[in-house]
Structures are given as structure tokens and as C-alpha cells.
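One file, protein37.txt, carrying compact mmCIF, C-alpha atoms:
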# COMPACT_ATOMS: atom_id res chain seq x y z
CA MET A 21 21.13 43.05 -52.42
CA GLY A 22 21.71 46.32 -50.44
CA ARG A 23 21.98 49.83 -51.91
CA ARG A 24 25.58 51.02 -52.56
CA GLU A 25 26.96 53.75 -50.28
CA GLY A 26 26.94 57.26 -51.71
CA VAL A 27 24.02 56.58 -54.06
CA PRO A 28 20.98 58.73 -53.14
CA PRO A 29 17.63 56.92 -52.64
CA PRO A 30 15.04 57.17 -55.43
CA PRO A 31 12.52 60.01 -55.08
CA PRO A 32 9.08 59.13 -53.61
CA PRO A 33 6.26 58.63 -56.13
CA LEU A 34 4.34 61.75 -57.04
CA PRO A 35 0.74 61.95 -55.73
CA LEU A 36 -2.02 61.48 -58.30
CA PRO A 37 -3.60 64.73 -59.45
CA PRO A 38 -7.23 65.29 -58.41
CA LEU A 39 -8.51 64.41 -61.88
CA CYS A 40 -6.96 60.94 -61.69
CA LEU A 41 -8.59 60.33 -58.30
CA LEU A 42 -11.96 61.30 -59.70
CA LEU A 43 -11.49 58.98 -62.64
CA CYS A 44 -10.66 56.06 -60.30
CA LEU A 45 -13.63 56.49 -57.99
CA PRO A 46 -16.29 54.99 -60.30
CA PHE A 47 -14.22 51.82 -60.52
CA CYS A 48 -13.86 51.35 -56.74
CA PRO A 49 -16.31 48.66 -55.56
CA PRO A 50 -18.91 50.06 -53.10
CA ARG A 51 -19.20 48.64 -49.58
CA LEU A 52 -22.24 46.38 -49.51
CA ALA A 53 -24.86 47.07 -46.82
CA ALA A 54 -25.95 44.12 -44.68
CA ALA A 55 -29.03 42.58 -46.29
CA ARG A 56 -32.15 42.47 -44.08
CA PRO A 57 -33.44 38.92 -43.68
CA PRO A 58 -36.78 38.27 -45.36
CA ALA A 59 -39.81 39.05 -43.25
CA PRO A 60 -41.12 35.89 -41.53
CA HIS A 61 -44.44 34.30 -42.25
CA LEU A 62 -46.73 34.80 -39.26
CA VAL A 63 -49.31 32.18 -38.27
CA LEU A 64 -51.56 32.96 -35.32
CA VAL A 65 -53.74 30.06 -34.09
CA LEU A 66 -56.42 30.89 -31.54
CA ALA A 67 -58.32 28.17 -29.69
CA ASP A 68 -61.69 28.97 -28.13
CA ASP A 69 -62.25 28.16 -24.42
CA LEU A 70 -59.29 25.80 -24.10
CA GLY A 71 -58.60 25.18 -20.42
CA TRP A 72 -55.25 25.30 -18.61
CA GLY A 73 -55.64 21.67 -17.59
CA ASP A 74 -56.69 20.42 -21.04
CA VAL A 75 -53.27 19.93 -22.66
CA GLY A 76 -50.74 17.18 -22.18
CA TRP A 77 -47.92 19.33 -20.85
CA HIS A 78 -50.14 20.44 -17.97
CA GLY A 79 -50.88 16.86 -17.01
CA SER A 80 -54.18 16.27 -18.79
CA ALA A 81 -55.28 12.79 -19.83
CA ILE A 82 -56.62 14.34 -23.04
CA ARG A 83 -54.34 13.44 -25.94
CA THR A 84 -52.65 16.52 -27.46
CA PRO A 85 -49.47 15.05 -29.01
CA ARG A 86 -49.06 17.65 -31.77
CA LEU A 87 -49.53 20.65 -29.47
CA ASP A 88 -47.23 19.01 -26.90
CA ALA A 89 -44.49 18.52 -29.50
CA LEU A 90 -44.75 22.04 -30.92
CA GLY A 91 -44.60 23.57 -27.47
CA ALA A 92 -41.74 21.31 -26.40
CA GLY A 93 -39.72 22.35 -29.43
CA GLY A 94 -40.47 26.05 -28.99
CA VAL A 95 -41.19 28.27 -26.01
CA ARG A 96 -44.09 27.46 -23.71
CA LEU A 97 -45.63 30.56 -22.15
CA GLU A 98 -46.37 29.69 -18.53
CA ARG A 99 -47.17 33.21 -17.31
CA TYR A 100 -49.35 34.23 -20.23
CA TYR A 101 -52.64 36.05 -19.70
CA THR A 102 -55.75 36.65 -21.79
CA GLN A 103 -59.12 38.18 -20.96
CA PRO A 104 -61.87 36.02 -19.45
CA LEU A 105 -64.17 36.31 -22.50
CA CYS A 106 -64.16 36.05 -26.29
CA THR A 107 -64.73 39.59 -27.53
CA PRO A 108 -62.41 41.36 -25.05
CA SER A 109 -59.54 38.95 -25.79
CA ARG A 110 -59.97 39.12 -29.56
CA SER A 111 -60.23 42.90 -29.55
CA GLN A 112 -57.01 43.21 -27.54
CA LEU A 113 -55.28 40.66 -29.74
CA LEU A 114 -55.97 42.65 -32.91
CA SER A 115 -55.80 46.20 -31.50
CA GLY A 116 -53.04 45.95 -28.89
CA ARG A 117 -55.24 48.03 -26.57
CA TYR A 118 -57.13 47.27 -23.37
CA GLN A 119 -60.87 46.89 -23.85
CA ILE A 120 -61.56 49.83 -21.53
CA HIS A 121 -60.17 52.01 -24.33
CA THR A 122 -62.42 50.54 -27.03
CA GLY A 123 -65.74 50.35 -25.17
CA LEU A 124 -65.70 46.54 -25.19
CA GLN A 125 -65.28 45.94 -21.46
CA HIS A 126 -68.91 44.91 -20.91
CA GLN A 127 -69.00 41.17 -21.60
CA ILE A 128 -69.19 40.23 -25.31
CA ILE A 129 -70.81 41.55 -28.48
CA TRP A 130 -74.18 39.80 -28.56
CA PRO A 131 -75.88 38.74 -31.83
CA CYS A 132 -78.32 41.64 -32.08
CA GLN A 133 -76.04 44.27 -30.56
CA PRO A 134 -75.11 47.20 -32.86
CA SER A 135 -71.45 47.27 -31.89
CA CYS A 136 -67.99 46.47 -33.21
CA VAL A 137 -64.35 47.34 -32.63
CA PRO A 138 -64.33 51.13 -33.21
CA LEU A 139 -63.64 51.90 -36.84
CA ASP A 140 -60.92 54.40 -35.96
CA GLU A 141 -58.83 51.64 -34.35
CA LYS A 142 -56.00 50.42 -36.58
CA LEU A 143 -55.84 46.64 -36.36
CA LEU A 144 -53.02 44.12 -36.71
CA PRO A 145 -53.86 42.99 -40.29
CA GLU A 146 -53.89 46.61 -41.48
CA LEU A 147 -50.43 47.21 -40.03
CA LEU A 148 -49.12 43.99 -41.60
CA LYS A 149 -50.58 44.92 -44.98
CA GLU A 150 -48.65 48.18 -44.75
CA ALA A 151 -45.53 46.07 -44.12
CA GLY A 152 -46.13 44.13 -47.35
CA TYR A 153 -47.98 41.06 -46.08
CA MET A 154 -50.80 39.03 -47.58
CA THR A 155 -53.38 38.77 -44.80
CA HIS A 156 -55.91 35.97 -44.38
CA MET A 157 -58.40 35.12 -41.65
CA VAL A 158 -60.16 31.81 -41.14
CA GLY A 159 -62.67 31.08 -38.37
CA LYS A 160 -64.42 33.04 -35.62
CA TRP A 161 -64.56 36.85 -35.83
CA HIS A 162 -66.82 37.99 -32.93
CA LEU A 163 -65.74 41.62 -33.17
CA GLY A 164 -68.98 43.01 -34.57
CA MET A 165 -70.85 42.79 -37.85
CA TYR A 166 -73.79 45.21 -37.68
CA ARG A 167 -72.24 47.33 -40.49
CA LYS A 168 -70.19 46.18 -43.45
CA GLU A 169 -67.38 48.46 -42.33
CA CYS A 170 -67.01 46.18 -39.28
CA LEU A 171 -66.35 43.01 -41.30
CA PRO A 172 -62.90 41.34 -41.40
CA THR A 173 -62.41 42.20 -45.08
CA ARG A 174 -62.92 45.88 -44.22
CA ARG A 175 -60.48 45.73 -41.30
CA GLY A 176 -57.34 44.64 -43.10
CA PHE A 177 -57.83 41.02 -44.19
CA ASP A 178 -57.45 40.19 -47.86
CA THR A 179 -59.65 37.11 -47.45
CA TYR A 180 -62.04 35.77 -44.84
CA PHE A 181 -63.74 32.39 -44.34
CA GLY A 182 -65.72 31.69 -41.19
CA TYR A 183 -68.50 32.95 -38.93
CA LEU A 184 -69.12 36.36 -37.43
CA LEU A 185 -70.87 35.71 -34.11
CA GLY A 186 -69.69 34.00 -30.94
CA SER A 187 -70.94 30.44 -31.36
CA GLU A 188 -73.02 28.23 -33.61
CA ASP A 189 -73.67 24.63 -34.60
CA TYR A 190 -70.47 22.92 -35.78
CA TYR A 191 -72.25 21.15 -38.64
CA SER A 192 -75.21 23.27 -39.80
CA HIS A 193 -73.40 26.57 -38.98
CA ASP A 194 -76.70 28.00 -37.76
CA ARG A 195 -76.93 30.35 -34.79
CA CYS A 196 -80.17 30.37 -32.84
CA VAL A 197 -81.15 33.37 -30.72
CA LEU A 198 -84.01 33.82 -28.29
CA ILE A 199 -85.81 37.09 -28.96
CA LYS A 200 -87.23 37.80 -25.50
CA ALA A 201 -89.55 40.60 -26.59
CA LYS A 202 -91.40 38.18 -28.89
CA ASN A 203 -90.71 35.02 -26.87
CA VAL A 204 -89.52 33.27 -29.99
CA THR A 205 -86.28 31.60 -31.04
CA ARG A 206 -84.95 32.38 -34.50
CA CYS A 207 -82.14 30.51 -36.29
CA ALA A 208 -80.05 31.68 -39.22
CA LEU A 209 -76.94 30.62 -41.10
CA ASP A 210 -73.78 32.41 -39.95
CA PHE A 211 -71.08 31.41 -42.40
CA ARG A 212 -69.22 33.64 -44.83
CA ASP A 213 -66.75 33.29 -47.66
CA GLY A 214 -65.47 36.82 -48.01
CA GLU A 215 -68.56 38.94 -47.47
CA GLU A 216 -70.92 36.47 -49.15
CA VAL A 217 -73.11 34.01 -47.27
CA ALA A 218 -71.63 30.53 -47.78
CA THR A 219 -74.37 27.91 -48.18
CA ALA A 220 -72.33 25.00 -49.54
CA PHE A 221 -70.88 23.73 -46.26
CA LYS A 222 -73.84 22.16 -44.47
CA ASN A 223 -73.07 18.99 -42.49
CA MET A 224 -69.33 19.68 -42.60
CA TYR A 225 -67.53 19.95 -39.26
CA SER A 226 -66.16 23.45 -38.81
CA THR A 227 -62.72 22.53 -37.46
CA ASN A 228 -62.08 20.42 -40.55
CA LEU A 229 -63.42 23.12 -42.86
CA PHE A 230 -61.24 25.80 -41.30
CA THR A 231 -58.13 23.62 -41.42
CA GLU A 232 -58.70 22.74 -45.06
CA ARG A 233 -59.13 26.39 -46.01
CA ALA A 234 -55.99 27.37 -44.08
CA ILE A 235 -54.00 24.64 -45.85
CA ASP A 236 -55.34 25.80 -49.23
CA LEU A 237 -54.13 29.32 -48.45
CA ILE A 238 -50.69 27.99 -47.53
CA ALA A 239 -50.51 25.85 -50.67
CA SER A 240 -51.44 28.72 -52.99
CA HIS A 241 -49.32 31.38 -51.28
CA LYS A 242 -46.84 33.12 -53.56
CA THR A 243 -43.68 33.75 -51.57
CA GLU A 244 -42.99 37.15 -53.15
CA LYS A 245 -44.91 38.48 -50.14
CA PRO A 246 -44.84 37.19 -46.57
CA LEU A 247 -47.95 35.48 -45.22
CA PHE A 248 -50.08 36.42 -42.21
CA LEU A 249 -52.64 33.74 -41.40
CA TYR A 250 -55.01 34.17 -38.46
CA LEU A 251 -56.76 30.86 -37.79
CA ALA A 252 -59.40 31.27 -35.05
CA PHE A 253 -60.90 27.85 -34.38
CA GLN A 254 -64.46 27.35 -33.18
CA SER A 255 -63.07 24.53 -31.03
CA VAL A 256 -63.59 23.90 -28.19
CA HIS A 257 -66.48 26.29 -27.50
CA GLU A 258 -70.02 25.03 -26.95
CA PRO A 259 -72.05 23.35 -28.38
CA LEU A 260 -70.19 20.14 -27.53
CA GLU A 261 -70.14 18.38 -30.91
CA VAL A 262 -67.49 16.14 -32.43
CA PRO A 263 -67.36 13.12 -34.79
CA GLU A 264 -67.91 9.89 -32.87
CA GLU A 265 -64.47 8.42 -33.61
CA TYR A 266 -62.77 11.16 -31.60
CA MET A 267 -64.77 10.27 -28.48
CA ARG A 268 -64.00 6.54 -28.54
CA PRO A 269 -60.56 6.89 -26.88
CA TYR A 270 -62.33 8.59 -23.96
CA SER A 271 -65.06 6.01 -23.33
CA SER A 272 -63.80 5.69 -19.73
CA ILE A 273 -64.80 9.29 -18.96
CA LYS A 274 -68.21 9.04 -17.35
CA ASP A 275 -69.18 12.70 -17.62
CA VAL A 276 -70.80 13.15 -21.03
CA LYS A 277 -69.76 16.78 -21.40
CA ARG A 278 -66.15 16.01 -20.53
CA ARG A 279 -66.10 13.07 -22.95
CA HIS A 280 -67.34 15.22 -25.84
CA TYR A 281 -64.97 18.01 -24.89
CA ALA A 282 -61.98 15.65 -24.82
CA GLY A 283 -62.75 14.48 -28.34
CA MET A 284 -63.01 18.09 -29.53
CA VAL A 285 -59.61 18.95 -28.05
CA THR A 286 -57.98 15.94 -29.72
CA LEU A 287 -59.49 16.81 -33.10
CA MET A 288 -58.21 20.38 -32.78
CA ASP A 289 -54.77 19.05 -31.83
CA GLU A 290 -54.77 16.97 -35.02
CA ALA A 291 -55.82 20.04 -37.01
CA VAL A 292 -52.89 22.11 -35.73
CA GLY A 293 -50.59 19.23 -36.64
CA ASN A 294 -52.00 19.15 -40.18
CA LEU A 295 -51.49 22.91 -40.45
CA THR A 296 -47.81 22.73 -39.47
CA ASP A 297 -47.29 19.75 -41.78
CA ALA A 298 -48.57 21.92 -44.64
CA LEU A 299 -46.22 24.77 -43.73
CA LYS A 300 -43.32 22.32 -43.97
CA ARG A 301 -44.60 20.60 -47.13
CA TYR A 302 -44.91 23.89 -49.02
CA GLY A 303 -41.57 25.28 -47.88
CA LEU A 304 -42.76 28.00 -45.51
CA TRP A 305 -41.92 26.54 -42.11
CA ASP A 306 -38.23 27.48 -41.91
CA ASN A 307 -39.20 31.16 -42.02
CA THR A 308 -42.41 30.99 -39.97
CA VAL A 309 -43.30 32.14 -36.48
CA LEU A 310 -46.33 30.24 -35.17
CA VAL A 311 -48.18 31.56 -32.12
CA PHE A 312 -50.73 29.32 -30.38
CA SER A 313 -53.08 30.80 -27.79
CA THR A 314 -56.43 30.26 -26.17
CA ASP A 315 -58.79 33.22 -25.98
CA ASN A 316 -59.64 32.63 -22.30
CA GLY A 317 -59.75 29.92 -19.68
CA GLY A 318 -61.83 26.78 -20.04
CA GLN A 319 -65.57 26.78 -19.42
CA THR A 320 -65.90 24.25 -16.60
CA LEU A 321 -69.69 24.22 -17.05
CA ALA A 322 -69.13 22.74 -20.53
CA GLY A 323 -66.41 20.14 -20.07
CA GLY A 324 -63.35 22.35 -19.58
CA ASN A 325 -60.73 21.95 -16.87
CA ASN A 326 -58.41 24.63 -15.50
CA TRP A 327 -56.89 22.54 -12.70
CA PRO A 328 -55.06 23.52 -10.53
CA LEU A 329 -56.17 27.09 -11.21
CA ARG A 330 -59.28 28.47 -9.56
CA GLY A 331 -62.08 29.78 -11.73
CA ARG A 332 -63.30 29.45 -15.28
CA LYS A 333 -64.20 31.46 -18.33
CA TRP A 334 -66.12 34.64 -17.35
CA THR A 335 -64.19 34.99 -14.06
CA LEU A 336 -61.12 37.02 -13.17
CA TRP A 337 -59.62 34.14 -11.20
CA GLU A 338 -56.49 32.60 -12.71
CA GLY A 339 -58.58 29.87 -14.33
CA GLY A 340 -60.41 32.50 -16.35
CA VAL A 341 -57.49 34.63 -17.50
CA ARG A 342 -54.32 32.54 -17.44
CA GLY A 343 -54.00 31.12 -20.91
CA VAL A 344 -52.49 28.13 -22.64
CA GLY A 345 -49.95 29.42 -25.15
CA PHE A 346 -46.64 28.81 -26.90
CA VAL A 347 -44.50 30.03 -29.76
CA ALA A 348 -42.95 27.55 -32.22
CA SER A 349 -40.45 28.64 -34.85
CA PRO A 350 -37.05 27.77 -36.31
CA LEU A 351 -36.29 31.50 -35.85
CA LEU A 352 -36.32 31.32 -32.04
CA LYS A 353 -32.90 31.80 -30.46
CA GLN A 354 -33.84 29.57 -27.55
CA LYS A 355 -35.97 26.46 -28.01
CA GLY A 356 -37.32 23.74 -25.79
CA VAL A 357 -37.81 26.03 -22.80
CA GLU A 358 -40.54 27.38 -20.58
CA SER A 359 -40.94 31.14 -20.32
CA HIS A 360 -42.19 32.65 -17.08
CA ALA A 361 -42.06 36.18 -18.46
CA LEU A 362 -45.26 38.17 -17.93
CA ILE A 363 -47.02 38.32 -21.32
CA HIS A 364 -50.52 39.48 -22.20
CA ILE A 365 -52.67 38.88 -25.27
CA SER A 366 -52.42 42.59 -26.16
CA ASP A 367 -48.65 42.13 -26.63
CA TRP A 368 -49.00 40.20 -29.89
CA LEU A 369 -49.73 43.27 -32.03
CA PRO A 370 -46.50 45.18 -31.31
CA THR A 371 -44.50 41.94 -31.20
CA LEU A 372 -45.67 40.67 -34.59
CA VAL A 373 -45.51 44.08 -36.27
CA HIS A 374 -41.90 44.44 -35.08
CA LEU A 375 -41.05 40.97 -36.44
CA ALA A 376 -42.63 41.96 -39.74
CA GLY A 377 -40.38 45.02 -40.05
CA GLY A 378 -43.43 47.27 -39.82
CA HIS A 379 -44.32 50.12 -37.52
CA THR A 380 -47.20 51.07 -35.27
CA ASN A 381 -47.52 54.62 -36.56
CA GLY A 382 -51.16 55.55 -36.87
CA THR A 383 -52.38 53.46 -33.96
CA LYS A 384 -53.77 54.96 -30.81
CA PRO A 385 -51.54 54.58 -27.72
CA LEU A 386 -50.86 50.86 -27.27
CA ASP A 387 -51.15 48.88 -24.06
CA GLY A 388 -49.20 45.97 -25.52
CA PHE A 389 -45.41 45.54 -25.50
CA ASP A 390 -42.96 43.99 -27.94
CA VAL A 391 -42.06 40.80 -26.06
CA TRP A 392 -40.10 39.00 -28.78
CA LYS A 393 -36.76 39.19 -26.96
CA ALA A 394 -38.39 37.92 -23.78
CA ILE A 395 -39.70 34.92 -25.74
CA SER A 396 -36.84 34.26 -28.14
CA GLU A 397 -33.85 35.14 -25.97
CA GLY A 398 -35.14 34.72 -22.43
CA ARG A 399 -34.72 38.39 -21.53
CA PRO A 400 -36.93 40.02 -18.89
CA SER A 401 -40.37 41.02 -20.14
CA PRO A 402 -40.90 44.76 -20.61
CA ARG A 403 -44.32 44.21 -19.04
CA VAL A 404 -44.46 44.50 -15.24
CA GLU A 405 -48.24 44.67 -14.77
CA LEU A 406 -51.48 44.19 -16.66
CA LEU A 407 -55.05 45.40 -16.38
CA HIS A 408 -57.73 42.71 -16.32
CA ASN A 409 -60.66 45.10 -16.59
CA ILE A 410 -62.57 48.05 -15.16
CA ASP A 411 -66.27 47.34 -15.42
CA PRO A 412 -68.69 48.36 -12.64
CA MET A 413 -71.53 46.81 -14.67
CA PHE A 414 -70.12 43.25 -14.54
CA VAL A 415 -72.45 40.56 -13.15
CA ASP A 416 -71.43 36.92 -12.69
CA ASP A 417 -74.45 35.00 -13.94
CA PHE A 418 -73.30 31.59 -12.63
CA PRO A 419 -72.72 30.38 -9.05
CA SER A 420 -69.10 30.20 -7.96
CA LYS A 421 -69.49 26.66 -6.66
CA HIS A 422 -69.14 25.48 -10.27
CA SER A 423 -65.88 27.39 -10.80
CA PHE A 424 -63.56 24.40 -11.06
CA TRP A 425 -63.41 20.68 -11.77
CA HIS A 426 -61.67 18.06 -9.70
CA LYS A 427 -58.47 16.77 -11.24
CA GLY A 428 -59.83 13.23 -11.33
CA TRP A 429 -62.52 14.12 -13.86
CA ASP A 430 -60.14 13.56 -16.73

Transcribe the structure of this file into C-alpha cells.
Amino acid sequence: MGRREGVPPPPPPLPLPPLCLLLCLPFCPPRLAAARPPAPHLVLVLADDLGWGDVGWHGSAIRTPRLDALGAGGVRLERYYTQPLCTPSRSQLLSGRYQIHTGLQHQIIWPCQPSCVPLDEKLLPELLKEAGYMTHMVGKWHLGMYRKECLPTRRGFDTYFGYLLGSEDYYSHDRCVLIKAKNVTRCALDFRDGEEVATAFKNMYSTNLFTERAIDLIASHKTEKPLFLYLAFQSVHEPLEVPEEYMRPYSSIKDVKRRHYAGMVTLMDEAVGNLTDALKRYGLWDNTVLVFSTDNGGQTLAGGNNWPLRGRKWTLWEGGVRGVGFVASPLLKQKGVESHALIHISDWLPTLVHLAGGHTNGTKPLDGFDVWKAISEGRPSPRVELLHNIDPMFVDDFPSKHSFWHKGWD
């Protein structure tokens, strides 16, 4: 019904006095800030001496169904590079810095060598601890142990279970070393639980031991804190040892070294499958980023195969430095793809620290890049080059004629 003519409109409402506004403010609901998603669990699995041509997705006859499936459901890294040797790769993995900056460019750390990753380098587990993570390491260290300050538990890991040198017997866990000055070979147990010598694991195959410990850590993890698990397998480094049942499927392979090696790869494949099954069983998988990497190319003198790449472990040919790797995670924005972005093993430190919501303050200048968007979203890699090494002292101790295997040797 309209207003009658001649009747003035009602006056506008009076504004509230300042006191009333102040009284109303406490009752106005605040605008909620966007909640940060929980930090992901980070699982880093490192194989030892796994060759480019030793996995199913690169055409190998060796059975790797669990690795194949994880890579197929994630992002396979087809332009991924490591260093050609154990210590340099592992030091760059955990420091994010080229080995020329840490004094580790001269081959590996040998058993009697008084050396380790410099103590003023801030390593990946230390940065993740600062970001609120529980940090565990299982397996091969090979970054120095001549002082206690060099040990994994002094470099950021809450727990450690494994061996400190570069290789040993898979069952006895002894490492034998020739002492040239005395012309005598000495053997000693190299197996630790924390910082204590672990004597209760004789005649137990190391890959199984490491997998069982990793699963125990997953099962007992309290989810109030995110998990960082670094599982560095002994497999498939020499000596070539594996339970007999894993060699039976490869009875047609005539070369004894290759037959043993094939069984070792298949057992490791099974171990990675058991690890991921545990992550799912205990409710961690949906918020986990799993990185799988080799530390260098395959050793063709000990059963490995880098076909069609030239070279082997110890060399700077593609077969020595181009690594098998993938990322598997429900958190990836793209899945089931191959990445041809240039990625280097030193990139994992800044990438994982960024994912963790941490920072790299306190590190020395990094050579690695955060490559998560290149992996997860398919964006260009921030890396346009990489340095393999600068080492005028390097000597290749093996003839180059052994630098690759024929494809038919599978």
C-alpha cells in the first residue's frame, strides 16, 4: 500500500553512538584464516647400485612389479641424475650441496679414512626436526664414522638401525678390510642399533631386517608429529647374496652374477611393496610422499645393467649418473606420467623441506632446487644445468671395455 500524498517520509534511523559500536564488536564473529594442511609424511627409499636397465618399466626381464606399479601411479623421473658413487650421492642427498663444497669429491669414504660430512653442514634430518618431524634412518650410512659426532644420531636422526660403511656381508654383517701395510685382512661386525653395536642379527638377511624395522617404525608412529623415514637399502650392492628362492625364477640366466643380482632386485622390489602396504595399513599413506631413488648407476662388473646407457657406476657416462627414480603420492597433482624435467639428487633437500613447511635457514648456500612443482604439476624445472664433479685426482681403476652389458644378458 503506497504512502499518502502530503505525508512526510519517516526520518532516517539515527547512527549508533561510538560506545554501542564498541559493545557490538566482541560479538562479531572473526573471519577464519585458511587452515594449513597437515605436513606430509616423507619416506625416502634409496637403492644401492640399481641400474637403469634393471627395472620393468625400462624393459628389463627382472621382475619388479611393485616398483613398476608405484612408478606408474606416480611420476617417473626420466631425466634424473645422481653421482656415480655412494658417498658423493648420499652427501648431496642429505646436504643439498655439491661434493666439491664438502671435500667429498674424491671417490668414497673408505673404512679406515678419518673423514665424514663436515660437522658444520646442516643436514636434511636436522631441518625436518626443526619443522616438527620425527626422523628415522634405517640402512646404509656411508657418510663417515671416525668420530661419534659423525654418526646418524648426531646428525639429526632420532633413531638409527643399520651399518656405517659402504658394504658388508648381507647375513653376517661383517666388513673385511685388507690392511696393506701389514698384509693382513681383518673382519669386524658393522651393525648398529642407535649407537650400540647390534650383535643379535647374525644370519639374517639385511634387506629383510631393514624392511621389518621400517615397518615397526611406521606401526608405532604417533601421528601428532609427521614422519620422516630414510630407508637406505644395502641392495643391490656387492657382495651378490640372496636367498635361493629368489634366484629360481631366473634359472635361465646363464651368467651367475646376473642371476644373483636379479634375485636381489626382486627381493628389494618385494620389500618396497611391503613398506607401502604398511603405510596404507596404518593410515599414513594418504598423506605421504614417497621418493624412490638409486644412489648411482648399476655396477656392470657385478651383475648390473644400464642398457641402453653407456657406462657404469664409477663413470661419468650416463650409465653411471643417470638414475632410476620416481615419486609416488596421493598428494601429487598429476599422476601416471613421466617427467623429463632435469632433476638432481641434491634437489631433494630443498624440495622435501619446502613440503614439510620448514625453511633452509642456517644451511650453507645450496646447490639443490625445490623441484616439487616440476614433479607434481609438470612445470619446467628450475634447474637448467648440473655439476657432475671437479676432481683432478680421479683415476678409473677398471678398463672401459667392461662399461656396459649387452641387452640380451637379461

Given the choices A:Val262, A:Ile410, A:Ala376, A:Val276, which gets closest to Arg56 of chain A if the distance is worked out from all atoms listed in the file?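 That would be A:Ala376, the residue with the smallest distance to Arg56 of chain A.
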
Rounded to one decimal, what separation in Å do you get between atom CA of Leu351 of chain A and atom CA of Gln254 of chain A?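 Atom-to-atom, atom CA of Leu351 of chain A and atom CA of Gln254 of chain A are spaced 28.6 Å apart.
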
Enter the distance from atom CA of Glu261 of chain A to atom CA of Leu185 of chain A, in Å, rounded to one decimal.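 For atom CA of Glu261 of chain A relative to atom CA of Leu185 of chain A, the distance reads 17.6 Å.
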
Neighbours of point (-62.8, 27.6, -12.6) within 10 Å, using only C-alpha atoms, written as a count of residues only: 30

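Coordinates place atom CA of His156 of chain A at a distance of 5.0 Å from atom CA of Leu249 of chain A.
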
Selected residue, from A:Asp236, A:Asp189, A:Asp367, A:Glu150, that lies nearest to Val311 of chain A when counting all atoms listed in the file: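 Counting all atoms listed in the file, the residue closest to Val311 of chain A is A:Asp367.
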
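The residue that comes closest to Tyr250 of chain A, out of A:Tyr270, A:Phe221, A:Phe211, A:Tyr180 and on the basis of only C-alpha atoms, is A:Tyr180.
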
Segment 99-113 of chain A: which residues within 8 Å, counting all atoms listed in the file, same-chain residues fewer than 4 positions away excluded, as an MDAnalysis selection string? chainID A and resid 68 117:119 124:125 127:129 137 162:163 186 314:317 332:336 340:345 359:369 408

Axis-aligned box over every listed atom of segment 246-253 of chain A, padded by 6 Å per side: centre and edges in Å to one decimal, as JSON?
{"center_x": -52.9, "center_y": 32.5, "center_z": -40.5, "size_x": 28.1, "size_y": 21.3, "size_z": 24.2}

Which of these, A:Met288, A:Val347, A:Met267, A:Leu406, has the shortest distance to Leu70 of chain A once you count all atoms listed in the file?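 Of the candidates, the smallest distance to Leu70 of chain A is held by A:Met288.
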
Residue neighbourhood Ser255 of chain A, 12 Å, only C-alpha atoms, exclusion window fewer than 2 positions, as a ChimeraX atom specification: /A:65-71,159-160,186-190,225-231,251-253,257-262,280-292,314-315,318,324

Please list as a PyMOL selection string every residue within 8 Å of Pro402 of chain A, counting all atoms listed in the file and excluding residues in the same chain fewer than 4 positions away. chain A and resi 389-391+394

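With distances restricted to all atoms listed in the file, A:Leu114 is the closest residue to Glu146 of chain A from A:Leu352, A:Leu114, A:Ile238, A:Leu64.
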
Go ahead and find all residues with at least one atom no further than 10 Å from (-33.0, 30.6, -30.6) in the file's coordinates, using all atoms listed in the file; report them as a PDB file with C-alpha atoms, in the frame of the given file.
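So part.pdb came out as:
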ATOM      1  CA  GLY A  94     -40.470  26.050 -28.990  1.00  0.00           C
ATOM      2  CA  VAL A  95     -41.190  28.270 -26.010  1.00  0.00           C
ATOM      3  CA  SER A 349     -40.450  28.640 -34.850  1.00  0.00           C
ATOM      4  CA  PRO A 350     -37.050  27.770 -36.310  1.00  0.00           C
ATOM      5  CA  LEU A 351     -36.290  31.500 -35.850  1.00  0.00           C
ATOM      6  CA  LEU A 352     -36.320  31.320 -32.040  1.00  0.00           C
ATOM      7  CA  LYS A 353     -32.900  31.800 -30.460  1.00  0.00           C
ATOM      8  CA  GLN A 354     -33.840  29.570 -27.550  1.00  0.00           C
ATOM      9  CA  LYS A 355     -35.970  26.460 -28.010  1.00  0.00           C
ATOM     10  CA  GLY A 356     -37.320  23.740 -25.790  1.00  0.00           C
ATOM     11  CA  ILE A 395     -39.700  34.920 -25.740  1.00  0.00           C
ATOM     12  CA  SER A 396     -36.840  34.260 -28.140  1.00  0.00           C
ATOM     13  CA  GLU A 397     -33.850  35.140 -25.970  1.00  0.00           C
ATOM     14  CA  GLY A 398     -35.140  34.720 -22.430  1.00  0.00           C
TER      15      GLY A 398
END

I need the residue nearest Asp387 of chain A from this list: A:Leu184, A:Cys136, A:Leu372, A:Leu407. Use all atoms listed in the file for the distance. A:Leu407
